[in-house]
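Q: My structure is stored as entry_8.cif, with mmCIF, C-alpha atoms.
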data_upload
loop_
_atom_site.label_atom_id
_atom_site.label_comp_id
_atom_site.auth_asym_id
_atom_site.auth_seq_id
_atom_site.Cartn_x
_atom_site.Cartn_y
_atom_site.Cartn_z
CA MET A 1 116.60 140.77 79.63
CA SER A 2 114.75 137.48 79.42
CA ALA A 3 111.80 136.69 81.61
CA ASP A 4 113.86 134.07 83.42
CA THR A 5 116.57 136.53 84.42
CA ALA A 6 114.00 139.07 85.55
CA THR A 7 112.44 136.51 87.86
CA SER A 8 115.76 135.51 89.32
CA VAL A 9 116.75 139.14 89.98
CA THR A 10 113.48 139.70 91.79
CA ASP A 11 113.97 136.50 93.74
CA THR A 12 117.46 137.48 94.79
CA GLU A 13 116.21 140.90 95.80
CA ALA A 14 113.42 139.38 97.85
CA GLU A 15 115.89 137.00 99.44
CA ALA A 16 118.23 139.87 100.25
CA TRP A 17 115.43 141.85 101.90
CA ALA A 18 114.41 138.76 103.85
CA LEU A 19 117.98 138.28 105.08
CA LEU A 20 118.29 141.95 105.99
CA ALA A 21 115.06 141.72 107.96
CA THR A 22 116.90 139.53 110.45
CA VAL A 23 119.81 141.93 111.05
CA THR A 24 119.32 143.70 114.36
CA ASP A 25 120.58 146.99 115.72
CA PRO A 26 123.88 146.33 117.56
CA GLU A 27 122.97 148.75 120.36
CA ILE A 28 119.32 147.75 120.72
CA PRO A 29 119.15 144.09 119.68
CA VAL A 30 115.35 143.83 119.94
CA VAL A 31 114.79 145.91 116.80
CA THR A 32 116.03 145.32 113.27
CA LEU A 33 117.94 147.84 111.19
CA GLN A 34 114.99 147.95 108.83
CA GLU A 35 112.52 148.78 111.60
CA MET A 36 114.83 151.57 112.72
CA GLY A 37 114.78 153.06 109.22
CA ILE A 38 118.56 152.75 108.88
CA ILE A 39 118.45 150.65 105.68
CA ARG A 40 117.33 152.93 102.87
CA ASP A 41 117.78 150.90 99.71
CA LEU A 42 119.18 147.78 98.11
CA GLN A 43 120.46 147.26 94.56
CA LEU A 44 121.74 144.24 92.69
CA ASN A 45 124.62 145.66 90.68
CA ASP A 46 125.38 142.51 88.71
CA ALA A 47 125.57 138.79 89.32
CA HIS A 48 128.36 139.20 91.86
CA GLU A 49 127.64 142.38 93.76
CA ILE A 50 124.92 143.89 95.88
CA THR A 51 124.77 147.43 97.30
CA VAL A 52 122.97 148.26 100.52
CA VAL A 53 122.35 151.93 101.26
CA ILE A 54 122.25 152.93 104.90
CA THR A 55 121.96 156.24 106.70
CA PRO A 56 123.60 157.10 110.01
CA THR A 57 121.35 157.95 112.95
CA TYR A 58 123.75 160.45 114.54
CA SER A 59 126.91 161.75 112.80
CA GLY A 60 129.22 160.19 115.35
CA CYS A 61 127.26 157.02 115.98
CA PRO A 62 129.94 154.50 116.98
CA ALA A 63 127.72 151.59 115.93
CA MET A 64 128.00 152.41 112.21
CA ASP A 65 131.05 150.21 111.60
CA GLN A 66 129.37 147.34 113.41
CA ILE A 67 126.20 147.90 111.36
CA ARG A 68 128.20 147.68 108.11
CA ALA A 69 129.85 144.46 109.24
CA ASP A 70 126.55 142.97 110.41
CA ILE A 71 124.89 143.71 107.06
CA ALA A 72 127.74 142.05 105.16
CA ASP A 73 127.50 139.07 107.51
CA GLY A 74 123.73 138.85 107.17
CA LEU A 75 123.91 138.78 103.37
CA ARG A 76 126.64 136.14 103.25
CA PRO A 77 124.20 133.37 102.12
CA LEU A 78 123.73 135.29 98.82
CA ASN A 79 127.36 134.65 98.00
CA ARG A 80 127.89 138.07 96.49
CA ARG A 81 130.19 140.96 97.27
CA VAL A 82 128.35 143.33 99.60
CA VAL A 83 128.96 147.06 99.26
CA VAL A 84 127.50 149.14 102.08
CA GLN A 85 127.02 152.73 101.04
CA THR A 86 126.32 155.57 103.45
CA GLN A 87 123.85 158.21 102.40
CA LEU A 88 123.37 161.39 104.42
CA SER A 89 120.38 162.92 102.71
CA PRO A 90 117.58 162.83 103.61
CA ALA A 91 118.80 162.90 107.20
CA TRP A 92 117.63 160.06 109.40
CA THR A 93 114.72 160.82 111.64
CA THR A 94 113.00 158.87 114.40
CA ASP A 95 109.83 159.38 112.29
CA TRP A 96 111.08 156.45 110.18
CA MET A 97 110.94 154.03 113.08
CA THR A 98 108.02 151.66 112.57
CA ALA A 99 105.20 151.38 115.09
CA ALA A 100 106.33 147.80 115.76
CA ALA A 101 109.85 149.03 116.54
CA LYS A 102 108.48 151.58 119.00
CA GLU A 103 106.54 148.89 120.83
CA LYS A 104 109.60 146.64 120.94
CA LEU A 105 111.63 149.51 122.41
CA ARG A 106 109.04 149.99 125.12
CA GLY A 107 109.08 146.29 125.91
CA TYR A 108 112.87 146.47 126.14
CA GLY A 109 112.65 149.30 128.71
CA ILE A 110 113.36 152.25 126.39
CA ALA A 111 110.60 154.84 126.04
CA PRO A 112 110.11 155.47 122.29
CA PRO A 113 110.00 159.00 120.78
CA ASN A 114 106.76 160.64 121.90
CA ARG A 115 106.21 162.82 118.87
CA ARG A 116 106.95 163.17 115.19
CA CYS A 117 109.68 165.53 114.14
CA GLY A 118 108.26 166.40 110.73
CA SER A 119 110.27 168.73 108.59
CA GLU A 120 109.35 171.89 110.45
CA ALA A 121 112.11 173.58 112.37
CA GLU A 122 111.44 173.42 116.06
CA PRO A 123 111.60 176.63 118.02
CA VAL A 124 114.61 176.90 120.28
CA SER A 125 113.02 175.96 123.56
CA ILE A 126 114.62 176.03 126.95
CA LEU A 127 113.58 173.12 129.06
CA ARG A 128 113.81 173.55 132.80
CA PHE A 129 114.94 170.78 135.07
CA MET A 130 111.86 171.40 137.18
CA ARG A 131 109.31 168.63 137.20
CA GLU A 132 106.25 170.58 136.04
CA ALA A 133 108.02 172.17 133.08
CA ALA A 134 109.40 168.86 131.90
CA VAL A 135 106.04 167.14 132.07
CA ALA A 136 104.14 169.97 130.42
CA SER A 137 106.34 170.40 127.37
CA ASP A 138 107.39 166.82 126.71
CA GLU A 139 105.20 164.02 127.96
CA VAL A 140 107.17 160.80 128.18
CA SER A 141 105.58 157.72 129.63
CA CYS A 142 107.55 155.28 131.77
CA PRO A 143 108.20 151.98 129.92
CA GLN A 144 107.92 150.09 133.24
CA CYS A 145 104.66 151.35 134.74
CA GLY A 146 103.20 153.60 132.03
CA SER A 147 102.99 156.70 134.24
CA ILE A 148 103.62 160.07 132.59
CA ASP A 149 104.85 161.46 135.88
CA THR A 150 108.42 161.37 134.62
CA VAL A 151 111.31 163.81 134.59
CA GLU A 152 114.45 164.17 132.53
CA SER A 153 117.66 163.62 134.50
CA SER A 154 120.00 164.26 131.58
CA HIS A 155 119.68 165.16 127.88
CA PHE A 156 122.27 162.56 126.99
CA GLY A 157 122.16 158.90 127.98
CA SER A 158 124.20 155.82 127.22
CA THR A 159 124.20 156.66 123.49
CA PRO A 160 123.68 159.99 121.67
CA CYS A 161 120.17 158.96 120.61
CA LYS A 162 118.89 158.52 124.15
CA ALA A 163 118.16 160.73 127.15
CA LEU A 164 118.08 159.65 130.79
CA TYR A 165 114.71 159.85 132.50
CA LYS A 166 113.31 158.78 135.79
CA CYS A 167 109.78 157.85 136.71
CA LEU A 168 108.42 159.63 139.76
CA ALA A 169 105.60 157.06 140.14
CA CYS A 170 107.62 153.82 140.24
CA THR A 171 110.97 155.62 140.89
CA GLU A 172 112.73 153.59 138.18
CA PRO A 173 115.24 155.30 135.89
CA PHE A 174 114.87 154.59 132.17
CA ASP A 175 116.23 155.52 128.73
CA TYR A 176 114.20 157.68 126.38
CA PHE A 177 114.79 157.53 122.62
CA LYS A 178 114.76 161.23 121.73
CA PRO A 179 112.67 162.51 118.80
CA PHE A 180 115.30 163.44 116.23
CA MET B 1 139.58 176.35 96.82
CA SER B 2 137.36 178.76 98.71
CA THR B 3 134.65 176.12 99.11
CA SER B 4 137.09 173.53 100.43
CA ASP B 5 138.59 176.09 102.82
CA TYR B 6 135.16 177.04 104.06
CA VAL B 7 134.31 173.37 104.62
CA LEU B 8 137.62 173.02 106.46
CA HIS B 9 136.71 175.96 108.66
CA LEU B 10 133.47 174.19 109.62
CA ALA B 11 135.29 170.89 110.08
CA ASP B 12 138.10 172.36 112.20
CA ASN B 13 135.56 174.05 114.50
CA ALA B 14 133.83 170.74 115.07
CA LEU B 15 137.01 168.71 115.53
CA VAL B 16 138.79 171.13 117.85
CA LEU B 17 135.75 171.66 120.08
CA GLY B 18 135.04 167.92 119.99
CA GLN B 19 138.61 167.22 121.14
CA ARG B 20 138.41 169.94 123.80
CA ASN B 21 135.12 168.72 125.23
CA ALA B 22 136.38 165.13 125.23
CA GLU B 23 138.84 166.19 127.94
CA TRP B 24 135.94 165.85 130.35
CA CYS B 25 135.61 162.16 129.56
CA GLY B 26 136.24 160.45 132.89
CA HIS B 27 136.57 163.84 134.64
CA GLY B 28 133.03 165.22 134.43
CA PRO B 29 131.65 167.13 137.39
CA ILE B 30 128.87 164.55 137.75
CA LEU B 31 128.33 161.24 135.97
CA GLU B 32 125.45 162.50 133.79
CA GLU B 33 127.54 165.42 132.55
CA ASP B 34 130.53 163.21 131.93
CA ILE B 35 128.30 161.17 129.63
CA ALA B 36 126.69 164.26 128.12
CA MET B 37 130.06 165.78 127.20
CA ALA B 38 131.27 162.50 125.70
CA ASN B 39 128.11 162.43 123.58
CA ASN B 40 128.58 166.05 122.58
CA SER B 41 132.13 165.26 121.45
CA LEU B 42 130.96 162.20 119.56
CA ASP B 43 128.49 164.36 117.61
CA LEU B 44 131.12 167.01 116.89
CA VAL B 45 133.78 164.54 115.79
CA GLY B 46 131.15 162.82 113.64
CA GLN B 47 130.31 166.15 112.00
CA ALA B 48 134.02 166.82 111.52
CA ARG B 49 134.47 163.45 109.80
CA MET B 50 131.68 164.12 107.30
CA LEU B 51 133.07 167.60 106.60
CA TYR B 52 136.69 166.43 106.24
CA HIS B 53 135.54 163.68 103.94
CA TYR B 54 133.83 166.27 101.75
CA ALA B 55 136.76 168.71 101.95
CA ALA B 56 139.13 165.90 100.91
CA THR B 57 136.97 165.18 97.86
CA LEU B 58 137.09 168.86 96.90
CA LYS B 59 140.82 169.20 97.50
CA GLY B 60 141.82 165.99 95.73
CA ALA B 61 145.58 165.44 95.46
CA GLY B 62 145.48 162.48 97.79
CA ALA B 63 143.85 164.36 100.68
CA THR B 64 141.86 162.17 103.07
CA GLU B 65 139.81 162.66 106.18
CA ASP B 66 142.82 161.60 108.24
CA SER B 67 145.43 163.64 106.38
CA LEU B 68 143.35 166.78 106.97
CA ALA B 69 142.77 166.07 110.64
CA TYR B 70 146.18 164.71 111.63
CA PHE B 71 148.76 166.05 109.23
CA ARG B 72 148.07 169.76 109.07
CA ASP B 73 149.92 172.12 111.44
CA PRO B 74 148.26 174.81 113.58
CA PRO B 75 148.46 177.70 111.05
CA ALA B 76 146.54 175.55 108.54
CA PHE B 77 143.63 175.15 110.97
CA LYS B 78 140.74 177.52 110.37
CA ASN B 79 138.72 177.11 113.56
CA PHE B 80 137.52 179.98 115.73
CA THR B 81 139.95 180.79 118.52
CA LEU B 82 136.97 180.41 120.87
CA VAL B 83 136.81 176.63 120.44
CA GLU B 84 140.52 175.98 121.13
CA LEU B 85 140.68 177.79 124.48
CA PRO B 86 141.14 175.61 127.57
CA HIS B 87 138.25 175.02 129.96
CA HIS B 88 139.26 177.85 132.28
CA GLY B 89 139.64 181.59 132.56
CA PRO B 90 142.34 183.75 130.99
CA LEU B 91 144.98 183.79 133.72
CA VAL B 92 145.45 180.17 134.64
CA GLY B 93 147.77 179.03 131.89
CA TYR B 94 148.06 175.37 131.03
CA ALA B 95 146.41 174.09 134.21
CA VAL B 96 144.30 171.10 133.25
CA ASP B 97 143.34 170.41 136.85
CA ARG B 98 141.65 173.80 137.06
CA ARG B 99 138.98 173.06 134.43
CA ASP B 100 135.84 175.05 135.03
CA TYR B 101 132.59 173.58 133.74
CA ALA B 102 131.10 177.08 133.50
CA VAL B 103 133.60 177.87 130.73
CA THR B 104 132.67 174.63 128.96
CA ILE B 105 128.96 175.40 129.13
CA VAL B 106 129.26 179.06 128.12
CA ARG B 107 131.45 178.17 125.14
CA ASN B 108 129.11 175.39 124.00
CA PHE B 109 126.24 177.81 124.38
CA LEU B 110 127.82 180.61 122.31
CA TYR B 111 129.02 178.19 119.62
CA SER B 112 125.89 176.05 119.29
CA ALA B 113 123.69 179.17 119.20
CA LEU B 114 125.70 180.27 116.15
CA MET B 115 125.89 176.88 114.46
CA GLY B 116 122.17 176.24 114.85
CA LEU B 117 121.62 179.30 112.68
CA VAL B 118 124.42 178.49 110.24
CA TRP B 119 123.39 174.86 109.69
CA GLU B 120 119.80 175.96 109.24
CA LYS B 121 120.81 178.18 106.33
CA LEU B 122 123.30 175.72 104.88
CA GLN B 123 120.74 172.91 104.75
CA ASP B 124 118.84 174.97 102.16
CA GLY B 125 122.03 176.16 100.47
CA SER B 126 123.21 175.65 96.91
CA ASP B 127 125.82 173.00 97.73
CA PRO B 128 124.02 169.64 98.03
CA ASP B 129 126.81 167.86 99.99
CA LEU B 130 127.05 170.65 102.49
CA ALA B 131 123.25 170.78 102.70
CA ALA B 132 123.09 167.07 103.58
CA ILE B 133 125.74 167.41 106.29
CA ALA B 134 124.05 170.56 107.63
CA ALA B 135 120.66 168.85 107.90
CA LYS B 136 122.26 166.12 110.00
CA ALA B 137 124.35 168.45 112.14
CA LEU B 138 121.45 170.83 112.77
CA LYS B 139 119.47 168.27 114.74
CA GLU B 140 122.46 167.52 116.95
CA THR B 141 123.34 171.17 117.41
CA ARG B 142 119.82 171.91 118.62
CA TYR B 143 120.28 169.37 121.40
CA HIS B 144 123.67 170.88 122.25
CA LEU B 145 122.14 174.33 122.47
CA ARG B 146 119.33 173.07 124.65
CA HIS B 147 121.80 171.34 126.96
CA ALA B 148 124.06 174.36 127.26
CA SER B 149 121.12 176.78 127.75
CA ASP B 150 119.70 174.64 130.55
CA TRP B 151 123.00 174.54 132.37
CA LEU B 152 123.68 178.23 131.91
CA ILE B 153 120.33 179.00 133.52
CA ARG B 154 121.03 176.47 136.25
CA PHE B 155 124.38 178.11 136.98
CA GLY B 156 123.00 181.63 136.82
CA THR B 157 120.09 180.89 139.13
CA GLY B 158 121.99 178.42 141.32
CA THR B 159 124.38 179.40 144.10
CA GLY B 160 126.41 182.58 144.41
CA GLU B 161 129.46 180.57 143.39
CA SER B 162 127.87 179.08 140.27
CA ALA B 163 126.49 182.47 139.18
CA ARG B 164 129.84 184.14 139.73
CA ARG B 165 131.69 181.52 137.68
CA ALA B 166 129.11 181.62 134.87
CA GLN B 167 129.41 185.41 134.75
CA GLU B 168 133.21 185.24 134.68
CA ALA B 169 133.08 182.68 131.87
CA LEU B 170 130.77 184.96 129.88
CA ASN B 171 133.06 187.96 130.49
CA HIS B 172 136.05 185.90 129.39
CA LEU B 173 134.54 184.30 126.27
CA LEU B 174 132.15 186.83 124.80
CA PRO B 175 134.92 188.99 123.22
CA TYR B 176 136.02 185.95 121.20
CA THR B 177 132.62 185.87 119.48
CA GLN B 178 133.57 189.04 117.58
CA GLU B 179 135.46 186.68 115.32
CA PHE B 180 132.17 185.09 114.22
CA TRP B 181 131.26 188.21 112.24
CA LEU B 182 134.59 188.95 110.56
CA LEU B 183 134.88 187.38 107.14
CA ALA B 184 138.01 185.42 106.27
CA ASP B 185 139.13 185.75 102.63
CA TYR B 186 138.04 182.25 101.68
CA GLU B 187 134.75 182.83 103.46
CA GLU B 188 134.07 186.04 101.60
CA GLN B 189 134.78 184.23 98.36
CA ALA B 190 132.55 181.30 99.33
CA VAL B 191 129.77 183.72 100.31
CA SER B 192 130.01 185.41 96.91
CA GLU B 193 129.73 181.98 95.28
CA ALA B 194 126.59 181.38 97.38
CA VAL B 195 128.18 178.36 99.09
CA ALA B 196 128.83 179.85 102.53
CA VAL B 197 126.48 181.57 104.93
CA ASP B 198 127.36 185.20 105.43
CA PRO B 199 127.64 185.22 109.23
CA ARG B 200 126.39 188.79 109.38
CA THR B 201 122.99 187.60 108.20
CA VAL B 202 122.54 185.58 111.41
CA GLU B 203 124.19 188.04 113.78
CA ALA B 204 120.93 189.65 114.98
CA SER B 205 119.26 186.27 115.62
CA TRP B 206 122.32 185.06 117.49
CA HIS B 207 122.30 188.14 119.73
CA GLU B 208 118.63 187.58 120.38
CA ILE B 209 119.15 183.96 121.52
CA VAL B 210 122.16 184.87 123.64
CA ALA B 211 120.47 187.87 125.28
CA HIS B 212 117.34 185.83 126.01
CA VAL B 213 119.11 182.94 127.75
CA VAL B 214 121.58 185.18 129.58
CA SER B 215 118.71 187.22 130.96
CA GLU B 216 116.80 184.03 131.93
CA ALA B 217 119.94 183.04 133.80
CA GLY B 218 119.92 186.37 135.64
CA LEU B 219 123.38 187.14 134.27
CA ARG B 220 124.71 190.28 132.68
CA LEU B 221 125.67 190.41 129.01
CA PRO B 222 129.19 191.86 129.09
CA ASP B 223 130.75 194.15 126.58
CA SER B 224 132.17 192.09 123.73
CA GLY B 225 134.71 194.66 122.54
CA GLY B 226 138.48 194.53 122.76
CA HIS B 227 140.97 192.34 120.92
CA ARG B 228 139.53 190.43 117.99
CA SER B 229 140.78 186.89 117.64
CA THR B 230 141.66 185.54 114.20
CA GLY B 231 141.65 181.74 114.44
CA LYS B 232 139.54 181.28 111.33
CA CYS B 233 142.29 183.02 109.34
CA GLY B 234 144.90 180.62 110.73
CA VAL B 235 146.35 182.90 113.42
CA HIS B 236 145.63 181.13 116.69
CA SER B 237 146.19 181.35 120.41
CA GLU B 238 149.03 179.28 121.90
CA HIS B 239 146.48 176.73 123.12
CA LEU B 240 145.79 175.15 119.72
CA SER B 241 149.33 173.76 119.41
CA TYR B 242 149.04 171.86 122.69
CA LEU B 243 145.66 170.49 121.73
CA LEU B 244 146.81 169.36 118.28
CA ALA B 245 150.05 167.92 119.64
CA GLU B 246 148.06 165.64 121.90
CA MET B 247 145.52 164.74 119.22
CA GLN B 248 147.92 164.23 116.32
CA SER B 249 150.87 162.54 118.02
CA LEU B 250 149.58 158.99 117.66
CA ALA B 251 148.71 159.31 113.97
CA ARG B 252 152.06 160.98 113.28
CA ALA B 253 154.00 158.30 115.14
CA HIS B 254 152.25 155.63 113.05
CA PRO B 255 151.44 157.38 109.77
CA GLU B 256 150.24 154.24 108.03
CA GLY B 257 148.37 152.96 111.04
CA VAL B 258 144.78 151.85 110.69
CA TRP B 259 142.43 151.50 113.63
#
Please re-express this file's structure in structure tokens.
A:
Amino acid sequence: MSADTATSVTDTEAEAWALLATVTDPEIPVVTLQEMGIIRDLQLNDAHEITVVITPTYSGCPAMDQIRADIADGLRPLNRRVVVQTQLSPAWTTDWMTAAAKEKLRGYGIAPPNRRCGSEAEPVSILRFMREAAVASDEVSCPQCGSIDTVESSHFGSTPCKALYKCLACTEPFDYFKPF
Amino acid sequence: MSTSDYVLHLADNALVLGQRNAEWCGHGPILEEDIAMANNSLDLVGQARMLYHYAATLKGAGATEDSLAYFRDPPAFKNFTLVELPHHGPLVGYAVDRRDYAVTIVRNFLYSALMGLVWEKLQDGSDPDLAAIAAKALKETRYHLRHASDWLIRFGTGTGESARRAQEALNHLLPYTQEFWLLADYEEQAVSEAVAVDPRTVEASWHEIVAHVVSEAGLRLPDSGGHRSTGKCGVHSEHLSYLLAEMQSLARAHPEGVW
């Protein structure tokens, strides 16, 4: 490979990453797919084709088809065939969300995950609906007023990745992006 | 063959329970639970898709995710009988308007308690594809177990009516869990090839989880003896045919359809 070709491959790669950096999550449009940790890798296969490797957040996430289409759309300026490959392992975790993404979520009204998942298996814990139990075991601060006097109303919210919470200080309901 | 059949067993469990729980969509007892059950189904159908995709790769011969889900008849399904039962007690027949959320919660509880343990072992297993799917499914299953445990305790410690219905659901469903510990032929083979989890190795842990939550709920753990169901071997209750008929009719009416 000549030096010229090497430079152009790197340039194209950089351009592809730059284009991908503008593709946002279809469900939460304030964060990009990259910030969410959904885009895992990118490869230039040859002069005509580029592969983007993504990983699903939840197995049944209905946004995956939209994400594939959005990636292909976003890379259109490269004028290459875009192959979007799904990779299951390692399994997506909210630990991959960047700090910037978490702040954007909060600004958007979604409380970000309050802890890291790590690789350790969590003990099977039973969480009571009672206020004190919820606060003690899982402190979630309200994205509106910042209070930690919050309580879970339901494990499952508008999408599988979120839970429904309400703030007992400002009485506003809000979504909580569950540690996963 | 044994590996693909074992993967089908896991896939059929997820699909059939996912389809069953989706019946609550638009009919949930409260809005939050309507949404929760739709999410639960979405996770299960998502797991089923990954598993069918893998099973199709193993089977070859033109098998696809869709052909396995939509074009197999009831005796080819390898799911536990437990997951195909309607959302009500034993004597009501095909009465969809008599769905009882206690049955839904108890079933999800018994099943997710098992699958949490099975996925945990499979994620460290010798089959890398199955391990990847298991690692994904495990996280979801833990949330399902947490959800079902919370509600079981809520029912058990709620009103006399809720405790009575939770107890009846437990009495009705617990005997079906005997099937968890019986090995189907393909399963035995897959266990010997170190692909499948021998369910007997998680039986004690499962009993521990179940006994703990049932006692927290102030309910009584009934006797789980009696007739042993055989869904995983392809011999099902009458309920599976109705469920599959509803689920498969569209795909069978438009076999080349894409949506």
Q: Env of Val202 of chain B: 8 Å cut, atoms = only C-alpha atoms, seq-sep filter 5 positions within chain, self excluded. Answer as a tab-separated table (two decimals) with C-alpha atoms, in the frame of the given file.
A:
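This is the output file around.tsv:
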chain	number	residue	atom	x	y	z
B	114	LEU	CA	125.70	180.27	116.15
B	117	LEU	CA	121.62	179.30	112.68
B	118	VAL	CA	124.42	178.49	110.24
Q: Identify all residues satisfying the PyMOL selection byres ((chain B and resi 240-253) around 12) in the given file; provide them as a VMD selection string.
A: chain B and resid 12 to 13 15 to 23 66 to 87 93 to 94 96 231 234 to 239 254 to 259
Q: For chain B, work out the contacting residues on chain A at 7 Å, counting all atoms listed in the file, and write them as a list of chain:residue names.
A: A:Tyr58, A:Ser59, A:Gly60, A:Leu88, A:Ser89, A:Pro90, A:Ala91, A:Ile126, A:Leu127, A:Arg128, A:Ser154, A:His155, A:Phe156, A:Gly157, A:Thr159, A:Pro160, A:Phe180
Q: So how many Å separate atom CA of Ala102 of chain B and atom CA of Asn171 of chain B, to one decimal?
A: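 We find that atom CA of Ala102 of chain B and atom CA of Asn171 of chain B lie 11.5 Å from each other.
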Q: Do you know which residues are at most 8 Å from segment 139-146 of chain A counting all atoms listed in the file, after dropping those on the same chain fewer than 4 positions away, and could you put them as a VMD selection string?
A: chain A and resid 106 to 107 109 to 111 114 134 to 135 150 166 to 167 169 to 170 172 174 176
Q: Give as a count of residues only the set of residues within 12 Å of the point (124.1, 187.5, 112.8), where distances use the file's coordinates and all atoms listed in the file.
A: 27
Q: Which distance in Å separates atom CA of Lys232 of chain B and atom CA of Ala63 of chain B, to one decimal?
A: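 Atom-to-atom, atom CA of Lys232 of chain B to atom CA of Ala63 of chain B, that is 20.5 Å.
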Q: Using only C-alpha atoms, which of B:Met1, B:Leu170, B:Leu58, B:Ser126 sits nearest Asn108 of chain B?
A: B:Leu170
Q: Determine the axis-aligned bounding box of all atoms of segment 213-219 of chain B present in the file, pad each side by 8 Å, and express its centre and edge lengths in Å to one decimal place as AutoDock Vina command-line options.
A:
--center_x 120.1 --center_y 185.1 --center_z 131.7 --size_x 22.6 --size_y 20.3 --size_z 23.9
Q: Please compute the atom CA of Leu42 of chain A-atom CA of Ile54 of chain A distance, one decimal, in Å.
A: 9.1 Å
Q: Which is closest to Thr104 of chain B among B:Trp119, B:Trp24, B:Tyr176, B:Tyr186, if we use all atoms listed in the file?
A: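 Looking only at the distances to Thr104 of chain B, the closest residue turns out to be B:Trp24.
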Q: Counting all atoms listed in the file, which of A:Val23, A:Met64, A:Leu78, A:Ile28 gets nearest to Ile50 of chain A?
A: A:Leu78
Q: Once the PyMOL selection byres ((chain B and resi 101) around 9) is applied to the coordinates I shared, what remains selected? I want it as a ChimeraX atom specification.
A: /B:28-29,87-88,99-100,102-106,165-166
Q: For the file shown, report as an mmCIF file with C-alpha atoms, in the coordinates of the input the outcome of the PyMOL selection byres ((chain A and resi 79) around 12) at residue level.
A:
data_model
loop_
_atom_site.group_PDB
_atom_site.id
_atom_site.type_symbol
_atom_site.label_atom_id
_atom_site.label_comp_id
_atom_site.auth_asym_id
_atom_site.auth_seq_id
_atom_site.Cartn_x
_atom_site.Cartn_y
_atom_site.Cartn_z
ATOM 1 C CA THR A 12 117.460 137.480 94.790
ATOM 2 C CA GLU A 15 115.890 137.000 99.440
ATOM 3 C CA ALA A 16 118.230 139.870 100.250
ATOM 4 C CA ALA A 47 125.570 138.790 89.320
ATOM 5 C CA HIS A 48 128.360 139.200 91.860
ATOM 6 C CA GLU A 49 127.640 142.380 93.760
ATOM 7 C CA ILE A 50 124.920 143.890 95.880
ATOM 8 C CA ALA A 72 127.740 142.050 105.160
ATOM 9 C CA ASP A 73 127.500 139.070 107.510
ATOM 10 C CA GLY A 74 123.730 138.850 107.170
ATOM 11 C CA LEU A 75 123.910 138.780 103.370
ATOM 12 C CA ARG A 76 126.640 136.140 103.250
ATOM 13 C CA PRO A 77 124.200 133.370 102.120
ATOM 14 C CA LEU A 78 123.730 135.290 98.820
ATOM 15 C CA ARG A 80 127.890 138.070 96.490
ATOM 16 C CA ARG A 81 130.190 140.960 97.270
ATOM 17 C CA VAL A 82 128.350 143.330 99.600
#
Q: Using only C-alpha atoms, which of the listed residues (A:Leu44, A:Asp65, A:Leu164, A:Met97) sits closest to Ser8 of chain A?
A: A:Leu44
Q: Of the residues B:Ala184, B:Ala196, B:Leu8, B:Ala14, which is the one nearest to Ser229 of chain B, using only C-alpha atoms?
A: B:Ala184
Q: Ranking B:Glu188, B:Glu193, B:Asp223, B:Glu65 by minimum distance to Tyr52 of chain B and counting only C-alpha atoms, which one comes first?
A: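 When distances to Tyr52 of chain B are compared using only C-alpha atoms, the smallest one comes from B:Glu65.
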